[in-house]
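K.L.:
So here's coords-v6.cif (mmCIF, C-alpha atoms).
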```
data_run
loop_
_atom_site.label_atom_id
_atom_site.label_comp_id
_atom_site.auth_asym_id
_atom_site.auth_seq_id
_atom_site.Cartn_x
_atom_site.Cartn_y
_atom_site.Cartn_z
CA MET F 1 15.95 15.70 16.50
CA GLN F 2 14.11 12.35 16.58
CA GLY F 3 12.80 10.21 19.40
CA LYS F 4 12.20 6.49 19.70
CA LYS F 5 10.59 4.40 16.99
CA ASN F 6 6.80 4.10 16.79
CA LYS F 7 4.78 1.04 15.72
CA HIS F 8 5.18 1.96 12.04
CA GLY F 9 8.95 1.53 12.26
CA THR F 10 9.60 5.25 11.79
CA ARG F 11 10.76 7.78 14.36
CA ASP F 12 8.71 10.59 15.81
CA PHE F 13 10.32 14.02 15.74
CA LYS F 14 11.27 16.01 18.81
CA PHE F 15 8.83 18.75 17.80
CA PRO F 16 5.18 17.57 17.64
CA PHE F 17 4.27 19.78 14.67
CA LEU F 18 6.99 18.08 12.59
CA THR F 19 5.64 14.67 13.57
CA ARG F 20 2.12 15.70 12.55
CA MET F 21 3.39 17.06 9.24
CA TYR F 22 5.40 13.93 8.52
CA ARG F 23 2.46 11.65 9.29
CA SER F 24 0.13 13.67 7.10
CA LEU F 25 2.55 13.25 4.18
CA ASN F 26 3.35 9.56 4.71
CA VAL F 27 0.54 7.40 3.32
CA GLN F 28 1.88 4.39 5.23
CA PHE F 29 0.17 5.65 8.40
CA LYS F 30 -3.23 5.76 6.67
CA LEU F 31 -2.66 2.36 5.13
CA ASP F 32 -1.69 0.78 8.45
CA ALA F 33 -4.73 2.27 10.19
CA PHE F 34 -7.06 1.05 7.43
CA VAL F 35 -5.71 -2.50 7.44
CA GLU F 36 -5.63 -2.73 11.24
CA GLY F 37 -9.23 -1.52 11.45
CA GLU F 38 -10.48 -3.98 8.84
CA LEU F 39 -8.64 -6.93 10.40
CA LYS F 40 -10.05 -6.15 13.85
CA ARG F 41 -13.54 -6.55 12.39
CA VAL F 42 -12.84 -10.05 11.06
CA LYS F 43 -14.47 -12.84 13.08
CA THR F 44 -12.13 -14.68 15.44
CA GLY F 45 -10.94 -17.99 14.01
CA SER F 46 -11.44 -16.98 10.38
CA HIS F 47 -8.88 -18.27 7.88
CA ILE F 48 -6.99 -15.40 6.23
CA LEU F 49 -4.56 -15.47 3.32
CA ASP F 50 -1.98 -12.67 3.25
CA ALA F 51 -1.39 -12.65 -0.52
CA GLY F 52 1.84 -11.03 -1.64
CA CYS F 53 2.71 -10.77 2.04
CA GLY F 54 6.39 -9.85 1.72
CA SER F 55 7.75 -9.11 5.18
CA GLN F 56 4.29 -9.83 6.68
CA ARG F 57 3.80 -6.33 8.04
CA TYR F 58 0.22 -7.04 9.13
CA LYS F 59 0.60 -10.51 10.64
CA LYS F 60 0.69 -8.86 14.09
CA PHE F 61 -2.95 -7.83 13.59
CA CYS F 62 -4.01 -11.41 12.81
CA ALA F 63 -3.43 -13.07 16.20
CA HIS F 64 -7.16 -13.86 16.43
CA LEU F 65 -7.17 -15.47 12.97
CA LYS F 66 -5.80 -18.56 11.25
CA TYR F 67 -3.02 -16.96 9.22
CA SER F 68 -1.55 -18.23 5.93
CA ALA F 69 1.05 -16.37 3.86
CA GLN F 70 1.83 -16.30 0.13
CA ASP F 71 4.53 -14.59 -1.93
CA PHE F 72 6.76 -15.26 -4.92
CA ALA F 73 9.76 -14.50 -2.68
CA GLN F 74 12.10 -13.41 -5.47
CA PHE F 75 12.94 -9.86 -4.34
CA THR F 76 16.49 -10.07 -2.95
CA GLN F 77 19.14 -7.88 -1.42
CA ASP F 78 20.67 -7.47 -4.88
CA ASP F 79 17.44 -5.81 -6.05
CA GLN F 80 17.90 -2.88 -3.66
CA VAL F 81 18.03 -0.27 -6.41
CA THR F 82 18.79 3.26 -5.22
CA LEU F 83 16.18 5.76 -6.39
CA LEU F 84 16.63 9.49 -5.75
CA GLY F 85 19.33 8.67 -3.24
CA GLU F 86 17.23 6.23 -1.22
CA LYS F 87 17.11 2.43 -1.10
CA ASN F 88 13.75 0.77 -1.75
CA PHE F 89 13.48 -0.74 1.71
CA GLY F 90 16.46 0.53 3.66
CA GLU F 91 19.35 -1.88 4.03
CA LYS F 92 17.45 -5.16 4.39
CA TYR F 93 14.33 -6.88 3.13
CA GLU F 94 13.29 -10.19 4.65
CA TYR F 95 10.35 -12.45 3.92
CA GLY F 96 8.38 -14.12 6.67
CA LYS F 97 7.63 -17.85 6.69
CA LEU F 98 5.52 -18.74 3.63
CA ASP F 99 2.74 -21.31 3.29
CA TYR F 100 2.48 -20.78 -0.48
CA GLU F 101 5.43 -19.76 -2.64
CA GLY F 102 4.87 -18.86 -6.28
CA ASN F 103 2.84 -16.59 -8.53
CA ILE F 104 -0.08 -14.82 -6.91
CA TRP F 105 -2.26 -15.35 -9.99
CA ASP F 106 -1.81 -19.14 -9.74
CA ILE F 107 -1.94 -20.31 -6.11
CA ASN F 108 -1.95 -24.05 -5.49
CA GLU F 109 -5.01 -24.27 -3.25
CA ALA F 110 -8.62 -25.38 -3.58
CA SER F 111 -11.38 -22.94 -4.45
CA GLY F 112 -13.28 -21.47 -1.53
CA THR F 113 -10.54 -22.05 1.04
CA PHE F 114 -10.29 -18.66 2.74
CA ASP F 115 -12.71 -16.50 4.71
CA VAL F 116 -10.61 -13.37 4.13
CA ILE F 117 -7.81 -12.42 1.73
CA LEU F 118 -5.50 -9.48 2.41
CA CYS F 119 -3.56 -8.05 -0.53
CA THR F 120 -1.85 -4.73 0.15
CA GLU F 121 0.33 -2.71 -2.24
CA VAL F 122 0.93 -5.76 -4.45
CA LEU F 123 -0.88 -5.16 -7.75
CA GLU F 124 1.73 -2.73 -9.08
CA HIS F 125 4.40 -5.45 -8.73
CA ILE F 126 2.74 -8.17 -10.80
CA PRO F 127 2.32 -8.40 -14.60
CA TYR F 128 -1.18 -9.92 -14.44
CA PRO F 129 -3.34 -7.86 -12.04
CA VAL F 130 -6.69 -8.82 -13.60
CA GLU F 131 -5.83 -12.53 -13.40
CA THR F 132 -4.76 -11.97 -9.80
CA VAL F 133 -8.15 -10.59 -8.76
CA LYS F 134 -9.80 -13.54 -10.53
CA GLU F 135 -7.59 -15.99 -8.60
CA LEU F 136 -8.21 -14.33 -5.25
CA ALA F 137 -11.95 -14.34 -5.92
CA ARG F 138 -11.73 -18.09 -6.67
CA LEU F 139 -9.99 -18.76 -3.37
CA LEU F 140 -12.58 -16.90 -1.29
CA LYS F 141 -15.44 -18.73 0.36
CA PRO F 142 -18.96 -17.49 -0.48
CA GLY F 143 -19.48 -14.54 1.83
CA GLY F 144 -15.71 -14.04 2.06
CA LYS F 145 -13.98 -10.68 2.07
CA LEU F 146 -11.10 -9.29 -0.03
CA ILE F 147 -9.17 -6.41 1.54
CA MET F 148 -7.04 -4.86 -1.20
CA THR F 149 -4.99 -1.68 -1.56
CA ALA F 150 -2.73 -0.28 -4.26
CA PRO F 151 -1.41 3.12 -5.33
CA SER F 152 -3.01 5.16 -8.08
CA ASN F 153 0.18 7.16 -8.66
CA CYS F 154 3.59 6.13 -7.39
CA LEU F 155 7.27 6.24 -8.22
CA ARG F 156 9.14 3.17 -9.40
CA HIS F 157 9.97 0.94 -6.45
CA MET F 158 10.86 -2.68 -5.72
CA ASP F 159 12.42 -2.73 -9.17
CA PRO F 160 12.76 -4.90 -11.27
CA TYR F 161 9.36 -6.12 -10.07
CA PHE F 162 7.48 -2.95 -10.96
CA TYR F 163 4.81 -3.04 -13.67
CA SER F 164 2.38 -0.19 -13.05
CA SER F 165 2.27 3.16 -11.27
CA GLY F 166 -1.25 2.42 -10.02
CA TYR F 167 -4.96 1.82 -10.55
CA SER F 168 -8.07 3.99 -10.49
CA ASP F 169 -11.40 3.54 -8.75
CA ARG F 170 -12.94 2.75 -12.15
CA TRP F 171 -10.51 -0.16 -12.48
CA TYR F 172 -11.60 -1.65 -9.16
CA GLU F 173 -15.27 -1.20 -9.95
CA GLU F 174 -14.92 -2.97 -13.31
CA ILE F 175 -12.56 -5.78 -12.30
CA PHE F 176 -14.34 -6.61 -9.04
CA SER F 177 -17.68 -6.78 -10.82
CA ARG F 178 -16.26 -8.86 -13.68
CA ASN F 179 -15.02 -11.44 -11.19
CA GLY F 180 -18.19 -11.72 -9.13
CA LEU F 181 -17.13 -9.49 -6.25
CA ILE F 182 -19.26 -6.74 -4.72
CA ALA F 183 -17.35 -3.56 -3.90
CA GLU F 184 -18.33 -2.46 -0.40
CA LYS F 185 -15.67 0.20 0.05
CA ILE F 186 -13.36 2.07 -2.33
CA GLU F 187 -11.66 4.80 -0.33
CA MET F 188 -9.53 7.46 -1.97
CA VAL F 189 -6.23 8.39 -0.31
CA GLY F 190 -5.09 11.98 -0.70
CA ASP F 191 -5.63 14.34 -3.61
CA TYR F 192 -3.67 16.41 -6.13
CA TYR F 193 -2.54 18.97 -3.52
CA LYS F 194 -1.31 16.26 -1.13
CA TRP F 195 0.52 14.55 -3.98
CA MET F 196 2.27 17.81 -4.93
CA ALA F 197 3.21 18.52 -1.30
CA ILE F 198 4.74 15.04 -0.98
CA GLU F 199 6.77 15.44 -4.15
CA CYS F 200 7.99 18.87 -3.02
CA ALA F 201 9.03 17.38 0.31
CA ARG F 202 10.81 14.56 -1.51
CA SER F 203 12.64 17.09 -3.68
CA MET F 204 13.76 19.07 -0.64
CA ARG F 205 15.41 15.94 0.77
CA MET F 206 17.85 15.91 -2.13
CA PRO F 207 21.28 17.48 -1.48
CA GLY F 208 21.76 21.23 -1.78
CA ILE F 209 20.45 24.23 0.15
CA PHE F 210 19.58 26.07 -3.09
CA ASN F 211 17.16 23.30 -4.03
CA LYS F 212 15.45 23.53 -0.64
CA LEU F 213 15.05 27.31 -0.84
CA LEU F 214 13.53 27.11 -4.31
CA VAL F 215 11.04 24.34 -3.51
CA LEU F 216 10.01 25.41 0.01
CA PRO F 217 7.43 28.05 -1.09
CA ALA F 218 5.73 25.50 -3.37
CA PHE F 219 5.67 22.96 -0.54
CA ILE F 220 4.04 25.45 1.85
CA TYR F 221 1.46 26.38 -0.79
CA TYR F 222 0.39 22.80 -1.58
CA TYR F 223 0.60 21.57 2.00
CA SER F 224 -1.77 24.33 3.16
CA LYS F 225 -4.37 23.68 0.43
CA ARG F 226 -7.56 21.91 1.47
CA PRO F 227 -8.88 19.06 -0.69
CA THR F 228 -11.69 19.88 -3.09
CA GLN F 229 -13.86 17.72 -5.33
CA GLU F 230 -11.80 18.90 -8.28
CA SER F 231 -8.45 18.14 -6.61
CA ARG F 232 -9.65 14.65 -5.68
CA SER F 233 -10.96 13.86 -9.15
CA THR F 234 -7.75 15.15 -10.74
CA LEU F 235 -5.36 12.81 -8.96
CA CYS F 236 -4.96 10.84 -5.74
CA LEU F 237 -2.31 8.67 -4.09
CA GLY F 238 -4.15 5.37 -3.96
CA TYR F 239 -7.23 3.42 -2.95
CA HIS F 240 -8.18 1.23 0.02
CA THR F 241 -10.85 -1.28 -0.94
CA VAL F 242 -13.04 -3.97 0.58
CA SER F 243 -15.09 -6.33 -1.58
CA THR F 244 -17.13 -9.45 -0.83
CA LYS F 245 -18.01 -12.65 -2.64
CA PRO F 246 -21.78 -13.24 -2.66
CA LYS F 247 -23.10 -16.24 -0.70
#
```
Write the structure described by the file as structure tokens, please.

P.N.:
Amino acid sequence: MQGKKNKHGTRDFKFPFLTRMYRSLNVQFKLDAFVEGELKRVKTGSHILDAGCGSQRYKKFCAHLKYSAQDFAQFTQDDQVTLLGEKNFGEKYEYGKLDYEGNIWDINEASGTFDVILCTEVLEHIPYPVETVKELARLLKPGGKLIMTAPSNCLRHMDPYFYSSGYSDRWYEEIFSRNGLIAEKIEMVGDYYKWMAIECARSMRMPGIFNKLLVLPAFIYYYSKRPTQESRSTLCLGYHTVSTKPK
């Protein structure tokens, strides 16, 4: 039923409509496109810190930049907790080569070192998110850019390093401003209807044909709904943000 792997590490389906449906329900595609687009706009030769880099998913988009990586590097194979029948990150999770190893809210580097800092889907895994934004702001040069994403609603994952299900746009507005950053972009990902469709799809993946038959009508209903102002303000999946440090 599936073809060869695409650049996201997933497989496209034999039938195009299934591939389109899968991509519309998998926020990873939107995240990858956002990060790739922002990194392409960064000036060649700029020094970037990939903070909380993990497996360094986006290093491939930084070939034109001076790349440095940071992570606490404590998530191990033994932490592969099974949730709803699925492993957190498949069968393996490997870190890339790190330039800084330790807590993201206390990085051993001089202030104003980096032109750009990338921090994607990290905040929910650290106990001190406000202190983390403060530290990343310290490390940015004047005029530097912080590219940051995190969920606003998510299931437990990467346990035991899971501290929050997400953050709202109001949180970004307040914490960026408090730490001297100017929010240039705070993009909402998905809405209430998309969230419900995703959870219905997740439920249908659980064993049992009876479960699938019961949930399928709800999935079709929510998947076919168009976003509205009300559905967006009720709930979304996450936010993609860009902020700058004044010169």

K.L.:
Mind telling me what the PyMOL selection byres ((chain F and resi 135) around 8) catches here, as a short mmCIF file (atom, residue, chain, number, x, y, z; two decimals) with C-alpha atoms, in the coordinates of the input?

P.N.:
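Once everything was written out, this is selection.cif:
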```
data_model
loop_
_atom_site.label_atom_id
_atom_site.label_comp_id
_atom_site.auth_asym_id
_atom_site.auth_seq_id
_atom_site.Cartn_x
_atom_site.Cartn_y
_atom_site.Cartn_z
CA ILE F 104 -0.08 -14.82 -6.91
CA TRP F 105 -2.26 -15.35 -9.99
CA ASP F 106 -1.81 -19.14 -9.74
CA ILE F 107 -1.94 -20.31 -6.11
CA GLU F 131 -5.83 -12.53 -13.40
CA THR F 132 -4.76 -11.97 -9.80
CA VAL F 133 -8.15 -10.59 -8.76
CA LYS F 134 -9.80 -13.54 -10.53
CA LEU F 136 -8.21 -14.33 -5.25
CA ALA F 137 -11.95 -14.34 -5.92
CA ARG F 138 -11.73 -18.09 -6.67
CA LEU F 139 -9.99 -18.76 -3.37
#
```

K.L.:
Please evaluate the PyMOL selection byres ((chain F and resi 127) around 9) against the displayed coordinates and give the resulting residues as a ChimeraX atom specification.

P.N.:
/F:123-126,128-129,161-164

K.L.:
List the residues matched by the PyMOL selection byres ((chain F and resi 53) around 7) in the displayed structure as a list in words, ordered by chain and then by residue number.

P.N.:
Asp50, Ala51, Gly52, Gly54, Ser55, Gln56, Ala69, Gln70 and Asp71 of chain F

K.L.:
Residues of stretch 150-183 of chain F that approach stretch 189-206 of chain F to 10 Å or less, counting only C-alpha atoms: could you list each one with the shortest pair of atoms and its distance in Å to one decimal, rows by chain and increasing residue number, as JSON lines?

P.N.:
```
{"residue": "F:Pro151", "atom": "CA", "partner": "F:Val189", "partner_atom": "CA", "distance": 8.7}
{"residue": "F:Ser152", "atom": "CA", "partner": "F:Val189", "partner_atom": "CA", "distance": 9.0}
{"residue": "F:Asn153", "atom": "CA", "partner": "F:Trp195", "partner_atom": "CA", "distance": 8.8}
{"residue": "F:Cys154", "atom": "CA", "partner": "F:Trp195", "partner_atom": "CA", "distance": 9.6}
```

K.L.:
So which residues touch F:Arg178 within 10 Å, counting only C-alpha atoms, skipping near sequence neighbours fewer than 4 positions away, as a PyMOL selection string?

P.N.:
chain F and resi 130+133-134+172-174+182

K.L.:
Return as lines of an AutoDock Vina configuration file the box centre and box size in Å, one decimal, for an axis-aligned box around all listed atoms of stretch 166-181 of chain F padded by 3 Å per side.

P.N.:
```
center_x = -9.7
center_y = -3.9
center_z = -10.0
size_x = 22.9
size_y = 21.7
size_z = 13.4
```

K.L.:
Could you state the separation of atom CA of F:Arg57 and atom CA of F:Leu98 in Å, given to one decimal place?

P.N.:
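These atoms are spaced 13.3 Å apart.
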
K.L.:
Quick one, how far is atom CA of F:Ile117 from atom CA of F:Tyr67?

P.N.:
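Separation of atom CA of F:Ile117 and atom CA of F:Tyr67: 10.0 Å.
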
K.L.:
Measure the distance from atom CA of F:Gln229 to atom CA of F:Glu187 in Å and round it to one decimal.

P.N.:
14.0 Å

K.L.:
Can you find the residues with an atom no farther than 7 Å from (-18.2, -13.8, 1.4), counting only C-alpha atoms, and report them as a PyMOL selection string?

P.N.:
chain F and resi 115+140-145+244-247

K.L.:
Could those selected residues go to a file with C-alpha atoms, as an mmCIF file, in the coordinates of the input?

P.N.:
```cif
data_model
loop_
_atom_site.group_PDB
_atom_site.id
_atom_site.type_symbol
_atom_site.label_atom_id
_atom_site.label_comp_id
_atom_site.auth_asym_id
_atom_site.auth_seq_id
_atom_site.Cartn_x
_atom_site.Cartn_y
_atom_site.Cartn_z
ATOM 1 C CA ASP F 115 -12.710 -16.500 4.710
ATOM 2 C CA LEU F 140 -12.580 -16.900 -1.290
ATOM 3 C CA LYS F 141 -15.440 -18.730 0.360
ATOM 4 C CA PRO F 142 -18.960 -17.490 -0.480
ATOM 5 C CA GLY F 143 -19.480 -14.540 1.830
ATOM 6 C CA GLY F 144 -15.710 -14.040 2.060
ATOM 7 C CA LYS F 145 -13.980 -10.680 2.070
ATOM 8 C CA THR F 244 -17.130 -9.450 -0.830
ATOM 9 C CA LYS F 245 -18.010 -12.650 -2.640
ATOM 10 C CA PRO F 246 -21.780 -13.240 -2.660
ATOM 11 C CA LYS F 247 -23.100 -16.240 -0.700
#
```

K.L.:
Ranking F:Leu235, F:Ile147, F:Val215, F:Ile220 by minimum distance to F:Met188 and counting only C-alpha atoms, which one comes first?

P.N.:
F:Leu235

K.L.:
Choose the residue, out of F:Pro16, F:Gly96, F:Pro217, F:Gly112, that has the smallest atom-to-atom separation from F:Ile48; count all atoms listed in the file.

P.N.:
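With all atoms listed in the file as the atom set, the closest residue is F:Gly112.
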
K.L.:
Between F:Thr44, F:Phe114, F:Met158, F:Thr19, which one has atoms that come closest to F:Phe75, using only C-alpha atoms?

P.N.:
F:Met158

K.L.:
Could you extract stretch 209-221 of chain F of the given structure into a file holding all heavy atoms, as an mmCIF file, in the first residue's frame?

P.N.:
```
data_model
loop_
_atom_site.group_PDB
_atom_site.id
_atom_site.type_symbol
_atom_site.label_atom_id
_atom_site.label_comp_id
_atom_site.auth_asym_id
_atom_site.auth_seq_id
_atom_site.Cartn_x
_atom_site.Cartn_y
_atom_site.Cartn_z
ATOM 1 N N ILE F 209 -11.990 -3.886 14.686
ATOM 2 C CA ILE F 209 -12.807 -3.339 13.606
ATOM 3 C C ILE F 209 -14.005 -2.565 14.151
ATOM 4 O O ILE F 209 -14.448 -1.577 13.560
ATOM 5 C CB ILE F 209 -13.277 -4.465 12.650
ATOM 6 C CG1 ILE F 209 -13.980 -3.879 11.436
ATOM 7 C CG2 ILE F 209 -14.176 -5.458 13.385
ATOM 8 C CD1 ILE F 209 -13.104 -3.045 10.552
ATOM 9 N N PHE F 210 -14.532 -2.993 15.307
ATOM 10 C CA PHE F 210 -15.693 -2.321 15.899
ATOM 11 C C PHE F 210 -15.348 -0.876 16.246
ATOM 12 O O PHE F 210 -16.135 0.044 16.006
ATOM 13 C CB PHE F 210 -16.137 -3.084 17.157
ATOM 14 C CG PHE F 210 -17.450 -2.614 17.702
ATOM 15 C CD1 PHE F 210 -18.614 -2.673 16.937
ATOM 16 C CD2 PHE F 210 -17.532 -2.105 18.991
ATOM 17 C CE1 PHE F 210 -19.824 -2.245 17.442
ATOM 18 C CE2 PHE F 210 -18.738 -1.672 19.505
ATOM 19 C CZ PHE F 210 -19.890 -1.742 18.734
ATOM 20 N N ASN F 211 -14.154 -0.685 16.795
ATOM 21 C CA ASN F 211 -13.686 0.665 17.118
ATOM 22 C C ASN F 211 -13.630 1.539 15.869
ATOM 23 O O ASN F 211 -14.064 2.692 15.877
ATOM 24 C CB ASN F 211 -12.305 0.570 17.772
ATOM 25 C CG ASN F 211 -11.618 1.909 17.889
ATOM 26 O OD1 ASN F 211 -12.072 2.789 18.606
ATOM 27 N ND2 ASN F 211 -10.519 2.072 17.156
ATOM 28 N N LYS F 212 -13.118 0.992 14.785
ATOM 29 C CA LYS F 212 -12.998 1.759 13.538
ATOM 30 C C LYS F 212 -14.361 2.155 12.995
ATOM 31 O O LYS F 212 -14.568 3.277 12.521
ATOM 32 C CB LYS F 212 -12.216 0.941 12.505
ATOM 33 C CG LYS F 212 -10.753 0.722 12.885
ATOM 34 C CD LYS F 212 -10.076 -0.192 11.902
ATOM 35 C CE LYS F 212 -8.570 -0.289 12.176
ATOM 36 N NZ LYS F 212 -8.258 -0.757 13.543
ATOM 37 N N LEU F 213 -15.309 1.227 13.030
ATOM 38 C CA LEU F 213 -16.652 1.515 12.514
ATOM 39 C C LEU F 213 -17.359 2.595 13.335
ATOM 40 O O LEU F 213 -18.104 3.411 12.792
ATOM 41 C CB LEU F 213 -17.479 0.235 12.492
ATOM 42 C CG LEU F 213 -17.032 -0.836 11.482
ATOM 43 C CD1 LEU F 213 -17.857 -2.105 11.666
ATOM 44 C CD2 LEU F 213 -17.142 -0.308 10.061
ATOM 45 N N LEU F 214 -17.128 2.581 14.646
ATOM 46 C CA LEU F 214 -17.770 3.566 15.504
ATOM 47 C C LEU F 214 -17.186 4.970 15.307
ATOM 48 O O LEU F 214 -17.912 5.966 15.298
ATOM 49 C CB LEU F 214 -17.615 3.159 16.974
ATOM 50 C CG LEU F 214 -18.538 2.054 17.495
ATOM 51 C CD1 LEU F 214 -18.180 1.716 18.935
ATOM 52 C CD2 LEU F 214 -20.001 2.491 17.411
ATOM 53 N N VAL F 215 -15.880 5.054 15.122
ATOM 54 C CA VAL F 215 -15.208 6.349 15.083
ATOM 55 C C VAL F 215 -15.195 6.967 13.683
ATOM 56 O O VAL F 215 -15.138 8.183 13.532
ATOM 57 C CB VAL F 215 -13.770 6.211 15.622
ATOM 58 C CG1 VAL F 215 -13.012 7.527 15.545
ATOM 59 C CG2 VAL F 215 -13.797 5.701 17.054
ATOM 60 N N LEU F 216 -15.287 6.130 12.645
ATOM 61 C CA LEU F 216 -15.182 6.625 11.272
ATOM 62 C C LEU F 216 -16.140 7.771 10.959
ATOM 63 O O LEU F 216 -15.722 8.774 10.354
ATOM 64 C CB LEU F 216 -15.380 5.471 10.280
ATOM 65 C CG LEU F 216 -15.278 5.853 8.802
ATOM 66 C CD1 LEU F 216 -13.908 6.458 8.490
ATOM 67 C CD2 LEU F 216 -15.550 4.641 7.912
ATOM 68 N N PRO F 217 -17.437 7.707 11.316
ATOM 69 C CA PRO F 217 -18.322 8.839 10.994
ATOM 70 C C PRO F 217 -17.864 10.156 11.625
ATOM 71 O O PRO F 217 -17.955 11.211 10.995
ATOM 72 C CB PRO F 217 -19.675 8.390 11.563
ATOM 73 C CG PRO F 217 -19.602 6.895 11.568
ATOM 74 C CD PRO F 217 -18.184 6.578 11.905
ATOM 75 N N ALA F 218 -17.358 10.080 12.871
ATOM 76 C CA ALA F 218 -16.873 11.290 13.534
ATOM 77 C C ALA F 218 -15.637 11.835 12.818
ATOM 78 O O ALA F 218 -15.487 13.052 12.634
ATOM 79 C CB ALA F 218 -16.546 10.996 14.996
ATOM 80 N N PHE F 219 -14.761 10.919 12.373
ATOM 81 C CA PHE F 219 -13.574 11.359 11.641
ATOM 82 C C PHE F 219 -13.967 12.085 10.362
ATOM 83 O O PHE F 219 -13.447 13.168 10.063
ATOM 84 C CB PHE F 219 -12.686 10.161 11.297
ATOM 85 C CG PHE F 219 -11.601 10.505 10.317
ATOM 86 C CD1 PHE F 219 -10.478 11.196 10.726
ATOM 87 C CD2 PHE F 219 -11.722 10.158 8.975
ATOM 88 C CE1 PHE F 219 -9.479 11.539 9.818
ATOM 89 C CE2 PHE F 219 -10.733 10.499 8.056
ATOM 90 C CZ PHE F 219 -9.607 11.196 8.490
ATOM 91 N N ILE F 220 -14.884 11.517 9.589
ATOM 92 C CA ILE F 220 -15.322 12.137 8.336
ATOM 93 C C ILE F 220 -15.924 13.514 8.600
ATOM 94 O O ILE F 220 -15.659 14.479 7.871
ATOM 95 C CB ILE F 220 -16.337 11.231 7.614
ATOM 96 C CG1 ILE F 220 -15.646 9.933 7.171
ATOM 97 C CG2 ILE F 220 -16.952 11.943 6.421
ATOM 98 C CD1 ILE F 220 -16.598 8.898 6.608
ATOM 99 N N TYR F 221 -16.712 13.617 9.664
ATOM 100 C CA TYR F 221 -17.355 14.890 10.006
ATOM 101 C C TYR F 221 -16.310 15.964 10.304
ATOM 102 O O TYR F 221 -16.333 17.060 9.714
ATOM 103 C CB TYR F 221 -18.266 14.707 11.218
ATOM 104 C CG TYR F 221 -18.820 15.997 11.763
ATOM 105 C CD1 TYR F 221 -19.895 16.644 11.133
ATOM 106 C CD2 TYR F 221 -18.265 16.588 12.893
ATOM 107 C CE1 TYR F 221 -20.392 17.839 11.620
ATOM 108 C CE2 TYR F 221 -18.759 17.786 13.390
ATOM 109 C CZ TYR F 221 -19.826 18.405 12.746
ATOM 110 O OH TYR F 221 -20.308 19.598 13.236
#
```
